[in-house]
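S.K.: Dropping in final.txt, with compact mmCIF, C-alpha atoms.
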```txt
# COMPACT_ATOMS: atom_id res chain seq x y z
CA MET Y 1 -3.16 -36.08 -1.26
CA THR Y 2 -4.78 -39.39 -2.17
CA ASP Y 3 -2.72 -42.18 -3.71
CA GLU Y 4 -4.49 -42.54 -7.05
CA TRP Y 5 -3.77 -42.33 -10.78
CA ARG Y 6 -4.81 -39.06 -12.39
CA GLY Y 7 -4.16 -37.01 -15.47
CA TRP Y 8 -1.32 -34.55 -14.98
CA ARG Y 9 -3.62 -31.53 -15.17
CA GLU Y 10 -5.90 -32.71 -12.36
CA ALA Y 11 -2.97 -33.90 -10.26
CA ALA Y 12 -0.98 -30.68 -10.66
CA GLN Y 13 -4.04 -28.52 -9.97
CA ALA Y 14 -4.51 -30.21 -6.60
CA ALA Y 15 -0.79 -30.31 -5.82
CA LEU Y 16 -0.26 -26.61 -6.53
CA TYR Y 17 -3.57 -24.93 -5.72
CA GLY Y 18 -5.53 -27.26 -3.47
CA ASP Y 19 -6.06 -26.44 0.21
CA GLU Y 20 -2.85 -28.31 1.05
CA GLY Y 21 -1.14 -27.36 -2.20
CA PHE Y 22 2.30 -25.93 -2.75
CA TYR Y 23 1.10 -22.38 -3.44
CA ARG Y 24 -1.70 -22.25 -0.88
CA SER Y 25 -0.37 -23.96 2.21
CA PRO Y 26 1.85 -21.76 4.43
CA ALA Y 27 3.14 -24.92 6.08
CA ARG Y 28 4.41 -26.34 2.79
CA SER Y 29 5.94 -23.15 1.44
CA PRO Y 30 6.14 -20.46 4.14
CA GLU Y 31 8.72 -18.44 2.20
CA GLY Y 32 6.63 -18.40 -0.96
CA PRO Y 33 7.88 -19.07 -4.50
CA ALA Y 34 11.08 -17.08 -3.89
CA GLY Y 35 12.29 -19.79 -1.53
CA HIS Y 36 12.24 -22.42 -4.27
CA PHE Y 37 13.26 -20.86 -7.57
CA ARG Y 38 14.97 -17.69 -8.77
CA THR Y 39 13.03 -15.51 -11.19
CA SER Y 40 14.07 -12.29 -12.89
CA VAL Y 41 12.21 -10.40 -10.16
CA HIS Y 42 14.40 -11.94 -7.48
CA ALA Y 43 17.62 -11.70 -9.51
CA SER Y 44 17.80 -7.92 -9.67
CA PRO Y 45 15.79 -4.74 -8.98
CA LEU Y 46 16.68 -3.76 -12.54
CA PHE Y 47 13.83 -5.99 -13.71
CA ALA Y 48 11.25 -4.04 -11.71
CA THR Y 49 12.82 -0.80 -12.95
CA ALA Y 50 12.39 -1.99 -16.54
CA VAL Y 51 8.73 -2.84 -15.90
CA ALA Y 52 8.29 0.62 -14.35
CA ARG Y 53 9.66 2.16 -17.56
CA LEU Y 54 7.27 0.02 -19.58
CA LEU Y 55 4.32 1.15 -17.46
CA THR Y 56 5.39 4.78 -17.67
CA GLY Y 57 5.50 4.58 -21.46
CA ILE Y 58 2.05 2.98 -21.64
CA ALA Y 59 0.64 5.61 -19.26
CA ARG Y 60 2.04 8.31 -21.54
CA GLU Y 61 0.35 6.74 -24.56
CA LEU Y 62 -2.96 6.32 -22.76
CA ASP Y 63 -2.84 9.89 -21.44
CA MET Y 64 -5.18 9.14 -18.53
CA GLY Y 65 -5.20 10.32 -14.94
CA THR Y 66 -4.81 6.85 -13.43
CA VAL Y 67 -3.50 3.61 -14.92
CA ALA Y 68 -3.63 0.06 -13.61
CA LEU Y 69 -0.72 -2.27 -13.03
CA VAL Y 70 -1.92 -5.88 -12.86
CA ASP Y 71 0.66 -8.47 -11.75
CA VAL Y 72 -0.69 -11.94 -12.58
CA GLY Y 73 0.93 -14.65 -10.48
CA ALA Y 74 2.19 -12.06 -8.03
CA GLY Y 75 3.88 -14.37 -5.51
CA ARG Y 76 4.39 -12.26 -2.40
CA GLY Y 77 4.09 -8.96 -4.28
CA GLU Y 78 7.83 -8.58 -4.94
CA LEU Y 79 7.48 -7.22 -8.47
CA LEU Y 80 4.72 -4.76 -7.58
CA THR Y 81 6.72 -3.50 -4.61
CA GLY Y 82 9.76 -2.95 -6.82
CA VAL Y 83 7.82 -1.24 -9.60
CA LEU Y 84 6.03 1.12 -7.22
CA ALA Y 85 9.40 2.15 -5.76
CA ALA Y 86 10.82 2.79 -9.23
CA LEU Y 87 7.96 4.84 -10.70
CA PRO Y 88 8.45 8.57 -11.34
CA GLU Y 89 6.66 10.98 -9.06
CA GLY Y 90 3.27 12.10 -10.23
CA LEU Y 91 2.24 8.88 -11.98
CA ASP Y 92 -1.01 7.69 -10.42
CA VAL Y 93 -1.13 3.88 -10.47
CA THR Y 94 -3.66 1.40 -9.11
CA PRO Y 95 -1.72 -1.84 -8.47
CA TYR Y 96 -3.40 -5.26 -8.45
CA ALA Y 97 -1.80 -8.50 -7.28
CA VAL Y 98 -3.49 -11.56 -8.80
CA GLU Y 99 -2.60 -14.58 -6.67
CA VAL Y 100 -4.25 -17.67 -5.12
CA ALA Y 101 -2.23 -17.49 -1.89
CA ALA Y 102 -3.30 -15.27 0.99
CA ARG Y 103 -2.15 -11.67 1.09
CA PRO Y 104 1.22 -11.48 2.86
CA PRO Y 105 1.56 -9.25 5.93
CA GLY Y 106 3.21 -5.87 5.55
CA LEU Y 107 2.40 -5.44 1.87
CA ASP Y 108 1.92 -1.88 0.59
CA PRO Y 109 -1.72 -1.02 1.35
CA ARG Y 110 -2.12 0.49 -2.12
CA ILE Y 111 -1.91 -3.01 -3.64
CA GLU Y 112 -5.29 -4.65 -4.18
CA TRP Y 113 -5.10 -8.43 -3.66
CA CYS Y 114 -7.41 -10.49 -5.89
CA ALA Y 115 -7.86 -14.02 -7.21
CA GLU Y 116 -8.59 -13.07 -10.84
CA PRO Y 117 -7.47 -10.24 -13.13
CA PRO Y 118 -9.82 -7.29 -12.63
CA ALA Y 119 -12.09 -6.68 -15.60
CA GLY Y 120 -12.21 -3.47 -17.56
CA VAL Y 121 -8.94 -1.90 -16.44
CA THR Y 122 -6.62 0.29 -18.48
CA GLY Y 123 -2.86 0.08 -18.18
CA LEU Y 124 -0.27 -2.73 -18.00
CA LEU Y 125 -0.98 -6.39 -17.28
CA PHE Y 126 2.23 -8.29 -16.56
CA ALA Y 127 2.51 -12.05 -16.04
CA ASN Y 128 6.02 -13.15 -15.11
CA GLU Y 129 6.32 -16.95 -14.88
CA TRP Y 130 2.59 -17.43 -14.44
CA LEU Y 131 1.59 -19.49 -17.45
CA ASP Y 132 4.19 -22.19 -16.75
CA ASN Y 133 2.27 -22.94 -13.54
CA VAL Y 134 -1.10 -23.29 -15.27
CA PRO Y 135 -1.58 -27.09 -15.14
CA VAL Y 136 -1.85 -28.99 -18.41
CA GLU Y 137 -2.30 -32.55 -19.57
CA VAL Y 138 0.78 -34.49 -20.67
CA ALA Y 139 0.62 -36.74 -23.72
CA GLU Y 140 3.03 -39.45 -24.89
CA ALA Y 141 3.13 -41.41 -28.15
CA ASP Y 142 2.74 -45.15 -27.54
CA ALA Y 143 4.55 -47.95 -29.37
CA GLU Y 144 2.37 -47.37 -32.46
CA GLY Y 145 2.89 -43.58 -32.34
CA VAL Y 146 -0.62 -42.88 -31.00
CA PRO Y 147 -0.69 -39.96 -28.51
CA ARG Y 148 -2.08 -41.06 -25.16
CA TYR Y 149 -2.69 -39.18 -21.93
CA VAL Y 150 -0.07 -39.77 -19.27
CA ARG Y 151 -1.50 -40.80 -15.90
CA VAL Y 152 0.50 -40.07 -12.75
CA ARG Y 153 0.37 -41.52 -9.24
CA THR Y 154 0.13 -38.64 -6.80
CA SER Y 155 2.20 -40.20 -4.03
CA ASP Y 156 5.43 -40.82 -5.92
CA GLY Y 157 5.11 -39.44 -9.47
CA ALA Y 158 5.08 -42.87 -11.15
CA GLU Y 159 3.50 -42.72 -14.62
CA ARG Y 160 1.60 -44.96 -17.02
CA LEU Y 161 -0.19 -44.38 -20.31
CA GLY Y 162 -3.95 -43.92 -20.36
CA GLU Y 163 -6.52 -43.47 -23.09
CA ALA Y 164 -5.81 -42.03 -26.52
CA VAL Y 165 -5.93 -38.25 -26.87
CA THR Y 166 -9.06 -37.18 -28.77
CA GLY Y 167 -11.20 -34.13 -29.48
CA ALA Y 168 -9.93 -30.61 -28.90
CA ASP Y 169 -6.74 -31.86 -27.21
CA ALA Y 170 -5.88 -33.98 -30.25
CA ALA Y 171 -6.55 -31.04 -32.55
CA TRP Y 172 -4.25 -28.84 -30.43
CA LEU Y 173 -1.47 -31.43 -30.61
CA GLU Y 174 -1.82 -31.77 -34.36
CA ARG Y 175 -1.63 -28.01 -34.82
CA TRP Y 176 0.95 -27.03 -32.25
CA TRP Y 177 2.94 -30.07 -31.07
CA PRO Y 178 2.47 -33.16 -33.28
CA LEU Y 179 3.74 -36.47 -31.89
CA SER Y 180 4.60 -39.52 -33.94
CA ALA Y 181 7.70 -41.37 -32.74
CA PRO Y 182 7.14 -43.73 -29.79
CA GLY Y 183 8.09 -42.10 -26.49
CA GLU Y 184 7.75 -38.51 -27.68
CA ARG Y 185 5.93 -36.31 -25.16
CA ALA Y 186 4.09 -33.01 -25.17
CA GLU Y 187 2.34 -30.71 -22.74
CA ILE Y 188 -1.10 -29.84 -24.16
CA GLY Y 189 -1.30 -26.07 -23.74
CA ARG Y 190 -5.03 -25.46 -24.22
CA PRO Y 191 -5.64 -24.33 -20.59
CA ARG Y 192 -2.81 -21.82 -20.92
CA ASP Y 193 -4.21 -20.52 -24.20
CA ARG Y 194 -7.57 -19.92 -22.53
CA ALA Y 195 -6.00 -18.39 -19.43
CA TRP Y 196 -3.90 -15.96 -21.42
CA ALA Y 197 -6.73 -14.94 -23.74
CA GLY Y 198 -8.87 -14.28 -20.67
CA ALA Y 199 -6.16 -12.17 -19.05
CA VAL Y 200 -5.60 -10.09 -22.19
CA GLY Y 201 -9.35 -9.71 -22.59
CA SER Y 202 -9.59 -8.14 -19.13
CA LEU Y 203 -7.87 -5.02 -20.46
CA THR Y 204 -9.98 -2.24 -21.93
CA ALA Y 205 -6.81 -0.65 -23.29
CA GLY Y 206 -3.10 -0.97 -22.62
CA LEU Y 207 -0.40 -3.61 -22.86
CA ALA Y 208 -0.44 -7.26 -21.78
CA VAL Y 209 2.89 -9.06 -21.36
CA ALA Y 210 3.57 -12.73 -20.63
CA VAL Y 211 7.16 -13.66 -19.71
CA ASP Y 212 8.12 -17.33 -19.53
CA TYR Y 213 10.49 -20.03 -20.68
CA THR Y 214 9.10 -20.94 -24.06
CA HIS Y 215 9.42 -22.92 -27.26
CA VAL Y 216 7.78 -22.58 -30.67
CA ARG Y 217 6.41 -24.99 -33.25
CA GLY Y 218 9.23 -26.54 -35.16
CA GLY Y 219 11.46 -26.40 -32.12
CA ARG Y 220 9.51 -28.22 -29.41
CA PRO Y 221 11.53 -30.43 -27.06
CA PRO Y 222 10.87 -34.06 -28.04
CA PHE Y 223 10.22 -35.26 -24.49
CA GLY Y 224 8.51 -32.21 -22.99
CA THR Y 225 9.74 -29.99 -20.16
CA LEU Y 226 7.69 -30.96 -17.10
CA THR Y 227 9.83 -30.73 -13.97
CA GLY Y 228 9.74 -29.86 -10.27
CA PHE Y 229 11.53 -27.36 -8.05
CA ARG Y 230 12.01 -27.29 -4.32
CA GLY Y 231 14.48 -25.33 -2.20
CA GLY Y 232 16.20 -23.88 -5.23
CA ARG Y 233 16.90 -27.26 -6.84
CA GLU Y 234 15.35 -28.97 -9.82
CA MET Y 235 13.82 -32.33 -8.96
CA ARG Y 236 11.64 -35.09 -10.34
CA PRO Y 237 8.06 -33.82 -10.60
CA VAL Y 238 5.83 -35.46 -7.99
CA PRO Y 239 2.29 -34.05 -7.60
CA ASP Y 240 2.05 -34.48 -3.83
CA GLY Y 241 2.11 -30.78 -2.92
CA SER Y 242 5.75 -30.81 -1.82
CA CYS Y 243 7.24 -29.03 -4.84
CA ASP Y 244 6.60 -26.57 -7.62
CA LEU Y 245 5.47 -28.17 -10.91
CA THR Y 246 6.33 -26.30 -14.07
CA ALA Y 247 6.63 -26.76 -17.83
CA HIS Y 248 7.73 -24.38 -20.56
CA VAL Y 249 5.02 -22.49 -22.44
CA ALA Y 250 4.02 -22.60 -26.11
CA LEU Y 251 3.72 -18.83 -26.32
CA ASP Y 252 3.03 -18.98 -30.05
CA ALA Y 253 -0.15 -20.94 -29.30
CA CYS Y 254 -1.10 -18.43 -26.60
CA ALA Y 255 -0.64 -15.60 -29.11
CA ALA Y 256 -2.95 -17.29 -31.61
CA ALA Y 257 -5.56 -17.87 -28.89
CA VAL Y 258 -5.81 -14.12 -28.27
CA ALA Y 259 -6.55 -13.46 -31.93
CA GLU Y 260 -9.01 -16.33 -32.10
CA ALA Y 261 -10.85 -14.95 -29.05
CA GLY Y 262 -11.67 -11.88 -31.13
CA ILE Y 263 -9.50 -9.52 -29.08
CA ASP Y 264 -8.34 -6.56 -31.16
CA ALA Y 265 -4.66 -6.46 -30.28
CA SER Y 266 -1.34 -6.29 -32.05
CA THR Y 267 1.11 -9.05 -31.12
CA GLU Y 268 4.87 -9.36 -30.72
CA LEU Y 269 6.85 -12.41 -29.59
CA THR Y 270 10.45 -11.65 -28.68
CA GLY Y 271 13.11 -12.66 -26.19
CA GLN Y 272 13.94 -11.20 -22.79
CA ARG Y 273 17.38 -10.15 -23.98
CA ALA Y 274 15.92 -7.93 -26.71
CA ALA Y 275 12.97 -6.72 -24.61
CA LEU Y 276 15.11 -5.60 -21.67
CA ARG Y 277 17.65 -3.90 -23.93
CA ARG Y 278 14.81 -1.78 -25.31
CA LEU Y 279 14.01 -0.85 -21.71
CA GLY Y 280 17.57 0.20 -20.89
CA VAL Y 281 18.87 -3.03 -19.33
CA GLY Y 282 21.87 -4.03 -21.41
CA GLY Y 283 24.66 -5.43 -19.27
CA ASP Y 284 27.41 -3.28 -20.79
CA ARG Y 285 30.35 -2.68 -18.47
CA PRO Y 286 31.01 0.95 -17.48
CA PRO Y 287 34.08 2.62 -19.01
CA LEU Y 288 37.29 2.27 -17.02
CA SER Y 289 37.69 6.03 -17.09
CA LEU Y 290 34.78 6.25 -14.64
CA ALA Y 291 36.86 4.37 -12.07
CA ALA Y 292 39.29 7.29 -11.92
CA SER Y 293 36.75 10.11 -11.96
CA ASP Y 294 34.08 8.50 -9.76
CA PRO Y 295 35.26 5.28 -8.04
CA ALA Y 296 32.03 4.77 -6.07
CA GLY Y 297 29.94 5.38 -9.17
CA TYR Y 298 32.07 2.90 -11.09
CA VAL Y 299 31.49 0.21 -8.47
CA ARG Y 300 27.74 0.82 -8.56
CA ALA Y 301 27.68 0.76 -12.35
CA LEU Y 302 29.75 -2.43 -12.42
CA ALA Y 303 27.35 -4.14 -10.01
CA ALA Y 304 24.38 -3.04 -12.12
CA ALA Y 305 26.08 -4.35 -15.25
CA GLY Y 306 26.54 -7.73 -13.58
CA GLU Y 307 22.89 -7.89 -12.63
CA ALA Y 308 21.84 -6.83 -16.12
CA ALA Y 309 24.08 -9.50 -17.60
CA GLU Y 310 22.32 -12.17 -15.51
CA LEU Y 311 18.90 -10.95 -16.67
CA THR Y 312 19.93 -11.10 -20.32
CA ALA Y 313 22.30 -14.10 -20.30
CA ARG Y 314 21.96 -16.70 -23.02
CA GLY Y 315 21.30 -20.11 -21.52
CA GLY Y 316 19.68 -18.45 -18.48
CA LEU Y 317 17.12 -15.72 -17.81
CA GLY Y 318 17.84 -14.11 -21.16
CA ASP Y 319 16.21 -17.11 -22.85
CA PHE Y 320 12.77 -16.20 -21.54
CA GLY Y 321 10.17 -15.33 -24.17
CA TRP Y 322 8.15 -12.11 -24.00
CA LEU Y 323 4.68 -12.15 -25.57
CA LEU Y 324 3.27 -8.63 -25.88
CA HIS Y 325 -0.23 -7.57 -26.92
CA ARG Y 326 -1.11 -3.90 -27.43
CA VAL Y 327 -4.85 -3.51 -26.80
CA GLY Y 328 -6.60 -0.39 -28.05
CA LEU Y 329 -3.27 1.25 -28.87
CA PRO Y 330 -1.64 2.13 -32.21
CA VAL Y 331 0.58 -0.56 -33.67
CA VAL Y 332 4.27 0.25 -33.25
CA SER Y 333 7.35 -1.32 -34.80
CA PRO Y 334 9.37 -3.60 -32.44
```
The structure in this file should be written as structure tokens.
M.R.:
Amino acid sequence: MTDEWRGWREAAQAALYGDEGFYRSPARSPEGPAGHFRTSVHASPLFATAVARLLTGIARELDMGTVALVDVGAGRGELLTGVLAALPEGLDVTPYAVEVAARPPGLDPRIEWCAEPPAGVTGLLFANEWLDNVPVEVAEADAEGVPRYVRVRTSDGAERLGEAVTGADAAWLERWWPLSAPGERAEIGRPRDRAWAGAVGSLTAGLAVAVDYTHVRGGRPPFGTLTGFRGGREMRPVPDGSCDLTAHVALDACAAAVAEAGIDASTELTGQRAALRRLGVGGDRPPLSLAASDPAGYVRALAAAGEAAELTARGGLGDFGWLLHRVGLPVVSP
């Protein structure tokens, strides 16, 4: 990494996805993303089971011999491995892992490893904590309230204000995250909008789901959400390749981008708590009567309830947003 001032998008792109970046260099992150932050996938196998139920339902609607399962931002293939293990017998699935890192050893040979979502597939596209790692520019209102790009020094994360935000970025801020008071900050989500519209557009028919920490217009955090993670701990974001760099996602803007791209899809934006409950993950404790009739079963059910509670907890994983697009399928009520 060179010691120079850059926009946050350029700096984060190099720090995360460059040859020596956090997600590409085995030396920097040999254990993969799981060694640095805990996602729903790592928290409990119940999450993969829920995604398997979602895929099974979509396969039933599509009524085709084979369906695709596309995991965008696949890490080391943990979600795909869990879903494949949880699928009912007889369901023919072609799994794709979309990831910039090299294919890990020992991965199920059925999983196709690719750098971009495959085009023209039919089935379920699932992106769990992918969009928050799509690099974006950061803007801050100066002393006169004028939004300016934030420049960052790659070596230590020091920041200074650069030129005024203009053009399409300024239009995005005005529409989705207006700044006025000095010191207010925003992450300009245009690259995420494009990335998500492209991912949804890769489906011929099926369901596309983005799961991420999110906020919506009218409730944006006044100083942004950009942060770093390393070794399971949150830290100051420094774009030197030593840590994950992440920021919450304006999923409402991503939803609008899909419609504006001309993709014929119905849209739902909900929370993980509600989405997982629809898929049978509720967190309710088993009845005490089960402890007397089936002690071992009670212990298993109690453990599952604890895991489900973590996945749906307010103030934690339950606060994730789920953005769902049904492509080429009848509209259904949430």
S.K.: Mind checking which residues fall within 10 Å of stretch 161-172 of chain Y, counting all atoms listed in the file, ignoring those fewer than 5 positions away in the same chain, and posting them as a list in words?
M.R.: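 The neighbour list is Trp5, Arg6, Gly7, Glu137, Val138, Ala139, Glu140, Ala141, Asp142, Val146, Pro147, Arg148, Tyr149, Val150, Arg151, Val152, Trp177, Pro178, Ile188, Gly189, Arg190 and Ala253 of chain Y.
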S.K.: Pick the closest to Y:Ala255 from Y:Gly206, Y:Pro237, Y:Gly321, Y:Pro45: which is it, counting only C-alpha atoms?
M.R.: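 Looking at the shortest contact to Y:Ala255, the residue is Y:Gly321.
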S.K.: Which is closer to Y:Ile58 than all the others in Y:Gly123, Y:Pro330, Y:Gly232, Y:Gly224, using only C-alpha atoms?
M.R.: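 Between Y:Gly123, Y:Pro330, Y:Gly232, Y:Gly224, the residue approaching Y:Ile58 most closely is Y:Gly123.
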S.K.: Quick one: everything within 9 Å of Y:Glu99, counting only C-alpha atoms, minus sequence neighbours fewer than 6 positions away in the same chain. Send it as an MDAnalysis selection string.
M.R.: chainID Y and resid 71:76 113:116
S.K.: Take the residues just selected and output them with C-alpha atoms as a short mmCIF file (atom, residue, chain, number, x, y, z; two decimals), keeping the file's coordinate frame.
M.R.:
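Contents of selection26.cif, freshly written:
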```
data_model
loop_
_atom_site.label_atom_id
_atom_site.label_comp_id
_atom_site.auth_asym_id
_atom_site.auth_seq_id
_atom_site.Cartn_x
_atom_site.Cartn_y
_atom_site.Cartn_z
CA ASP Y 71 0.66 -8.47 -11.75
CA VAL Y 72 -0.69 -11.94 -12.58
CA GLY Y 73 0.93 -14.65 -10.48
CA ALA Y 74 2.19 -12.06 -8.03
CA GLY Y 75 3.88 -14.37 -5.51
CA ARG Y 76 4.39 -12.26 -2.40
CA TRP Y 113 -5.10 -8.43 -3.66
CA CYS Y 114 -7.41 -10.49 -5.89
CA ALA Y 115 -7.86 -14.02 -7.21
CA GLU Y 116 -8.59 -13.07 -10.84
#
```
S.K.: Have a look at Y:Ala15, Y:Val258, Y:Leu84, Y:Leu124 and name the one nearest to Y:Val238; count only C-alpha atoms.
M.R.: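 Smallest separation from Y:Val238 among the options: Y:Ala15.
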S.K.: Select, counting all atoms listed in the file, all protein, DNA and RNA residues no farther than 9 Å from (4.1, -18.3, -13.3) in file coordinates, and express the selection as a list in words.
M.R.: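 Result, sorted by chain then residue number: Val72, Gly73, Ala74, Gly75, Ala127, Asn128, Glu129, Trp130, Leu131, Asp132, Asn133, Val134, Val211, Asp212 and Thr246 of chain Y.
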S.K.: Could you list, as a ChimeraX atom specification, every residue within 10 Å of Y:Leu269, counting all atoms listed in the file and ignoring same-chain residues fewer than 4 positions away?
M.R.: /Y:209-211,251-252,255,275,321-325,334
S.K.: Can you spit out the residues from that selection as a tab-separated table (two decimals), in the coordinates of the input, using C-alpha atoms?
M.R.:
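Listed below is the output, out_32.tsv:
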```tsv
chain	number	residue	atom	x	y	z
Y	209	VAL	CA	2.89	-9.06	-21.36
Y	210	ALA	CA	3.57	-12.73	-20.63
Y	211	VAL	CA	7.16	-13.66	-19.71
Y	251	LEU	CA	3.72	-18.83	-26.32
Y	252	ASP	CA	3.03	-18.98	-30.05
Y	255	ALA	CA	-0.64	-15.60	-29.11
Y	275	ALA	CA	12.97	-6.72	-24.61
Y	321	GLY	CA	10.17	-15.33	-24.17
Y	322	TRP	CA	8.15	-12.11	-24.00
Y	323	LEU	CA	4.68	-12.15	-25.57
Y	324	LEU	CA	3.27	-8.63	-25.88
Y	325	HIS	CA	-0.23	-7.57	-26.92
Y	334	PRO	CA	9.37	-3.60	-32.44
```
S.K.: What is the atom CA of Y:Pro222-atom CA of Y:Arg9 distance in Å, reported with one decimal?
M.R.: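 These two atoms are separated by 19.5 Å.
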